[in-house]
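A.B. asks: Let me give you the structure first, and then I'll get to my questions.
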Amino acid sequence: MSLLERFVRYVKIDTQSDADSSSVPSTQKQFDLLNLLKQELIDLGVKEIRLDPTGNLYATIPANSKTSSPSIGLMAHVDTASEMSGKNVKPNIVKNYDGKIISLNAQDQTFLDPKVFPSLKKHKGKTLVTTDGRTLLGADDKAGIAIIMSFIDHLKAHPEILHGPIQIGFTSDEEIGRGVVHFDPKLFKADFAYTLDGGAIEEINYENFNASSAVVTVQGKAIHPGSAKDQMINSQTIAAAFHLALPKDLRPETTDGYQGFIHLTQSSGGVEKTELRYIIRHHDINELKKQEKIMVDLTTSMNQNLKQKLIHIDIKSSYLNMAPEIKKKPEGLNRALKAYQTLGLNVKAVPIRGGTDGANLTYKGVPTPNLATGGENYHGKYEFLVVEDAELMVKVLAEIVRIKV
Ligand SMILES: [Zn+2]
């Protein structure tokens, strides 16, 4: 089966996770793909497979050489993002792409336009897989899964590639931040690993945000508006003032690259009480702490001006930047960079403005940088996969695991 055939097969299975569900995994339908992958691994002759009820699939491909070599892990997640439906995905294959506008859905007037997405121009002549404009595609992260499965197939067809033990990990619920909560590094048995969960082919990621969240609660005083004079405290007015007092140059829509932000994700409430939910992000942990302090100081000063403690703030840490840990144990990163070099491919390290399963796994003791899949425009209807780039990643993986004699 070709990588393209695998990919099309996987994206047709709805595996959307659900942040509002407390079950593990959050949706049972993620097992539809996990069970299929388990069967495909059996069909590929993989002997050591374990599918946990938590939605984690572990498999081991034993070493085929006596030369000692580290145990290398490869990971991808089965679930898709909640921003857009992953049901009834109808992948559209564009062969020998002409570099022009692709009509995703003529009826809805949905187009993939190189003017809007300039990277499309680089893919002229290649095979693209797009959506029909009504769902996401699910290249995030089924492209990663297709690459790993094709890689296992590739190793089977090329026994001359000598390698150490290879550990496979397919996880669920990555998109809702629970990807490695129940993932067991002891069962995974990797010395270091890679998530195949990145974007464009020329990028590698080993830096991500440090992340925390803040809940700001404002207590008001609700009174009939007819007799409210000098009595009512409208918590919404105070909440609005709080938000507008935060630095405007620290918002996601005004920042890029290594700049951090404070982002209001949700606000709710009424006169009596208002709640503001924020996420706080920065690649540098000290800068993250400074941003947290801006919010705490604002709370204090506003309460002083109000002469009452009406504003309360609660800050929690979410995840950390993996970079300091990767720098301490750089073997996996260096191996990947060398593999690209050997294949004559240019790769650049791009800081992720988000987190990955690999970041959490890194802090569980398995350094896990993130590799590309050849997919772009994740989490929406403009998502697409460049098939030749995904195929190239199979070669990159083969080079990473290869024992040089
Ligand atoms: Zn992903």
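For the structure tokens, the naming scheme is as follows: chains receive sequential letters (A, B, ...) according to their order of presentation, residues are indexed from 1 within each chain, and ligands are indexed from 1 in presentation order.
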Please report, as a PyMOL selection string, each residue of segment 139-332 of chain A to which DSSP assigns strand (DSSP E or B) when run on this structure's backbone.

C.D. replies: chain A and resi 163+166-171+192-196+203-205+210-219+221+233+261-269+273-282+311-319

A.B. asks: Find the residues near Leu137 of chain A: any atom within 10 Å, counting only C-alpha atoms, skip ones fewer than 4 places away on the same chain, and give them as a ChimeraX atom specification.

C.D. replies: /A:8,11-12,80,84-92,129-133,141-143,375,377-385

A.B. asks: According to DSSP computed on the backbone, where in segment 180-366 of chain A is there alpha helix (DSSP H)? Give the residues as number ranges by chain.

C.D. replies: A: 185-188, 235-245, 285-306, 323-328, 331-342, 357-363

A.B. asks: Name the residues, by chain letter and number, that sit within 9 Å of ligand 1 using only C-alpha atoms and all ligand atoms, and give them as JSON, numbers by chain.

C.D. replies: {"A": [76, 77, 78, 79, 80, 81, 138, 139, 140, 141, 142, 144, 174, 175, 195, 196, 197, 198, 356, 357, 378, 379]}

A.B. asks: Please produce a file of the residues just selected, as a compact mmCIF listing (two decimals), in the first residue's frame, where the atoms kept are all heavy atoms.

C.D. replies:
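The file below, again_36.txt, is the result:
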# COMPACT_ATOMS: atom_id res chain seq x y z
N ALA A 76 2.93 9.62 16.72
CA ALA A 76 1.95 10.48 16.03
C ALA A 76 0.63 10.31 16.78
O ALA A 76 0.44 9.34 17.51
CB ALA A 76 1.80 10.06 14.58
N HIS A 77 -0.26 11.30 16.62
CA HIS A 77 -1.53 11.20 17.34
C HIS A 77 -2.69 10.92 16.38
O HIS A 77 -2.69 11.40 15.24
CB HIS A 77 -1.80 12.44 18.19
CG HIS A 77 -1.93 13.74 17.44
ND1 HIS A 77 -3.14 14.21 16.98
CD2 HIS A 77 -1.02 14.67 17.08
CE1 HIS A 77 -2.96 15.37 16.39
NE2 HIS A 77 -1.68 15.68 16.43
N VAL A 78 -3.66 10.14 16.87
CA VAL A 78 -4.78 9.72 15.99
C VAL A 78 -5.91 10.74 15.94
O VAL A 78 -6.68 10.76 14.98
CB VAL A 78 -5.37 8.34 16.41
CG1 VAL A 78 -4.35 7.24 16.27
CG2 VAL A 78 -5.99 8.37 17.80
N ASP A 79 -6.03 11.61 16.96
CA ASP A 79 -7.20 12.50 16.99
C ASP A 79 -7.02 13.72 16.10
O ASP A 79 -5.90 14.07 15.72
CB ASP A 79 -7.51 12.95 18.43
CG ASP A 79 -6.40 13.81 19.04
OD1 ASP A 79 -5.22 13.45 18.86
OD2 ASP A 79 -6.72 14.81 19.68
N THR A 80 -8.14 14.35 15.75
CA THR A 80 -8.10 15.59 14.97
C THR A 80 -8.68 16.73 15.80
O THR A 80 -9.36 16.51 16.79
CB THR A 80 -8.88 15.47 13.64
OG1 THR A 80 -10.23 15.12 13.92
CG2 THR A 80 -8.25 14.43 12.73
N ALA A 81 -8.40 17.96 15.34
CA ALA A 81 -8.73 19.17 16.10
C ALA A 81 -10.23 19.44 16.15
O ALA A 81 -10.99 18.95 15.32
CB ALA A 81 -8.03 20.37 15.45
N GLY A 138 -7.20 16.52 8.31
CA GLY A 138 -6.68 15.56 9.28
C GLY A 138 -5.26 15.12 8.98
O GLY A 138 -4.78 14.12 9.50
N ALA A 139 -4.55 15.91 8.11
CA ALA A 139 -3.12 15.65 7.91
C ALA A 139 -2.43 15.76 9.26
O ALA A 139 -1.45 15.09 9.53
CB ALA A 139 -2.54 16.64 6.92
N ASP A 140 -2.95 16.62 10.11
CA ASP A 140 -2.56 16.72 11.52
C ASP A 140 -3.44 15.74 12.30
O ASP A 140 -4.56 16.06 12.64
CB ASP A 140 -2.77 18.17 11.98
CG ASP A 140 -2.45 18.38 13.44
OD1 ASP A 140 -1.91 17.46 14.08
OD2 ASP A 140 -2.76 19.47 13.96
N ASP A 141 -3.03 14.54 12.61
CA ASP A 141 -1.68 14.10 12.40
C ASP A 141 -1.65 12.77 11.63
O ASP A 141 -0.77 11.96 11.78
CB ASP A 141 -1.02 13.96 13.78
CG ASP A 141 0.46 13.70 13.71
OD1 ASP A 141 1.05 13.99 12.67
OD2 ASP A 141 1.01 13.17 14.68
N LYS A 142 -2.67 12.56 10.77
CA LYS A 142 -2.71 11.29 10.04
C LYS A 142 -1.61 11.21 8.99
O LYS A 142 -1.24 10.12 8.56
CB LYS A 142 -4.09 11.09 9.46
CG LYS A 142 -5.09 10.73 10.57
CD LYS A 142 -6.51 10.99 10.23
CE LYS A 142 -7.38 10.69 11.45
NZ LYS A 142 -8.76 11.13 11.25
N GLY A 144 1.41 12.09 9.80
CA GLY A 144 2.45 11.50 10.64
C GLY A 144 2.28 9.99 10.77
O GLY A 144 3.26 9.23 10.70
N GLU A 174 -4.35 14.33 21.69
CA GLU A 174 -3.28 15.33 21.66
C GLU A 174 -3.86 16.74 21.51
O GLU A 174 -3.40 17.68 22.15
CB GLU A 174 -2.32 15.04 20.49
CG GLU A 174 -1.04 15.87 20.53
CD GLU A 174 -1.12 17.19 19.79
OE1 GLU A 174 -2.14 17.47 19.12
OE2 GLU A 174 -0.17 17.98 19.90
N GLU A 175 -4.87 16.86 20.66
CA GLU A 175 -5.41 18.19 20.34
C GLU A 175 -6.07 18.86 21.54
O GLU A 175 -6.29 20.05 21.53
CB GLU A 175 -6.42 18.07 19.18
CG GLU A 175 -5.80 17.59 17.87
CD GLU A 175 -4.88 18.62 17.21
OE1 GLU A 175 -4.70 19.72 17.77
OE2 GLU A 175 -4.33 18.28 16.16
N THR A 195 8.19 13.23 17.50
CA THR A 195 6.81 13.29 17.07
C THR A 195 6.85 13.66 15.59
O THR A 195 7.65 14.50 15.18
CB THR A 195 6.00 14.35 17.83
OG1 THR A 195 6.77 15.55 17.91
CG2 THR A 195 5.65 13.88 19.24
N LEU A 196 6.01 13.01 14.77
CA LEU A 196 5.85 13.42 13.38
C LEU A 196 4.56 14.21 13.33
O LEU A 196 3.49 13.68 13.05
CB LEU A 196 5.86 12.21 12.44
CG LEU A 196 7.31 11.78 12.21
CD1 LEU A 196 7.58 10.45 12.80
CD2 LEU A 196 7.68 11.90 10.76
N ASP A 197 4.66 15.47 13.69
CA ASP A 197 3.46 16.28 13.92
C ASP A 197 3.71 17.72 13.51
O ASP A 197 3.02 18.63 13.96
CB ASP A 197 3.08 16.17 15.41
CG ASP A 197 1.66 16.64 15.68
OD1 ASP A 197 0.89 16.78 14.71
OD2 ASP A 197 1.33 16.86 16.86
N GLY A 198 4.71 17.92 12.66
CA GLY A 198 5.05 19.27 12.25
C GLY A 198 4.41 19.61 10.91
O GLY A 198 3.54 18.89 10.42
N THR A 356 3.68 20.63 22.14
CA THR A 356 3.51 19.33 21.48
C THR A 356 3.49 18.25 22.56
O THR A 356 3.91 18.47 23.69
CB THR A 356 4.67 18.99 20.51
OG1 THR A 356 5.85 18.73 21.29
CG2 THR A 356 4.94 20.08 19.52
N ASP A 357 3.00 17.08 22.16
CA ASP A 357 3.11 15.91 23.03
C ASP A 357 4.56 15.68 23.43
O ASP A 357 4.88 15.27 24.53
CB ASP A 357 2.63 14.66 22.28
CG ASP A 357 1.16 14.41 22.50
OD1 ASP A 357 0.54 15.20 23.21
OD2 ASP A 357 0.66 13.42 21.96
N TYR A 378 -3.02 23.51 9.07
CA TYR A 378 -3.72 22.59 9.97
C TYR A 378 -4.99 23.18 10.61
O TYR A 378 -5.12 24.38 10.73
CB TYR A 378 -2.78 22.17 11.10
CG TYR A 378 -1.74 21.16 10.68
CD1 TYR A 378 -0.71 20.81 11.55
CD2 TYR A 378 -1.80 20.54 9.44
CE1 TYR A 378 0.25 19.87 11.20
CE2 TYR A 378 -0.84 19.59 9.08
CZ TYR A 378 0.18 19.27 9.96
OH TYR A 378 1.12 18.34 9.62
N HIS A 379 -5.86 22.32 11.01
CA HIS A 379 -7.07 22.62 11.80
C HIS A 379 -8.18 23.31 11.02
O HIS A 379 -9.07 23.91 11.63
CB HIS A 379 -6.75 23.45 13.05
CG HIS A 379 -5.87 22.73 14.04
ND1 HIS A 379 -5.71 23.14 15.33
CD2 HIS A 379 -5.11 21.61 13.92
CE1 HIS A 379 -4.89 22.32 15.96
NE2 HIS A 379 -4.51 21.37 15.11

A.B. asks: With only C-alpha atoms as the basis for distance, which of A:Ala157, A:Lys404, A:Ile13, A:Ser2 is at the shortest distance from Leu36 of chain A?

C.D. replies: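 Closest to Leu36 of chain A of all the choices is A:Ile13.
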
A.B. asks: Report as a list in words all protein, DNA and RNA residues lying within 10 Å of Gly177 of chain A, evaluated on only C-alpha atoms, omitting residues in the same chain fewer than 5 positions from it.

C.D. replies: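 Skipping anything fewer than 5 positions along the chain leaves Ala19, Ser172, Ser318, Tyr319, Gly355, Thr356, Asp357 and Asn360 of chain A.
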
A.B. asks: Skipping near chain neighbours, those fewer than 4 positions away, what residues fall within 10 Å of segment 301-317 of chain A using only C-alpha atoms, listed as number ranges by chain?

C.D. replies: A: 210-221, 233, 235, 238-239, 241-242, 245, 273-280, 292, 295-297

A.B. asks: Expressed in Å to a single decimal, how great is the separation between atom CA of Leu51 of chain A and atom CA of Thr171 of chain A?

C.D. replies: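 If I compute the distance from atom CA of Leu51 of chain A to atom CA of Thr171 of chain A, I get 10.0 Å.
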
A.B. asks: Please measure the separation of atom CA of Asp184 of chain A and atom CA of Gly374 of chain A, giving the value in Å to one decimal.

C.D. replies: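 Between atom CA of Asp184 of chain A and atom CA of Gly374 of chain A the gap works out to 28.0 Å.
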
A.B. asks: With distances taken over only C-alpha atoms, which of A:Ala222, A:Leu155, A:Lys189, A:Asn205 is nearest to Glu399 of chain A?

C.D. replies: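 Nearest candidate to Glu399 of chain A out of A:Ala222, A:Leu155, A:Lys189, A:Asn205: A:Leu155.
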
A.B. asks: Tell me, as a PyMOL selection string, which residues lie within 12 Å of Val405 of chain A, counting only C-alpha atoms; anything in the same chain fewer than 6 positions away does not count.

C.D. replies: chain A and resi 65-69+160-163

A.B. asks: Expressed in Å to a single decimal, how great is the separation between atom CA of Val181 of chain A and atom CA of Thr362 of chain A?

C.D. replies: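 Here the two named atoms are 12.7 Å from each other.
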
A.B. asks: Just checking: using only C-alpha atoms, which residue out of A:Arg353, A:Lys329, A:Lys229, A:Lys115 ends up closest to Gln259 of chain A?

C.D. replies: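 Result for the nearest residue to Gln259 of chain A: A:Arg353.
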
A.B. asks: Find the residues around Ile72 of chain A up to 9 Å (only C-alpha atoms counted), leave out those fewer than 5 positions away in its own chain, and share them as a list of chain:residue names.

C.D. replies: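 That gives A:Gly164, A:Pro165, A:Ile166, A:Gln167, A:Ile168, A:Lys189, A:Ala190, A:Asp191, A:Phe192, A:Ala193, A:Tyr194, A:Gly332, A:Ile400, A:Val401.
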
A.B. asks: Measuring between only C-alpha atoms, which one of A:Glu253, A:Phe170, A:Ala240, A:Lys38 shows the shortest distance to Ser267 of chain A?

C.D. replies: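 Counting only C-alpha atoms, the residue closest to Ser267 of chain A is A:Ala240.
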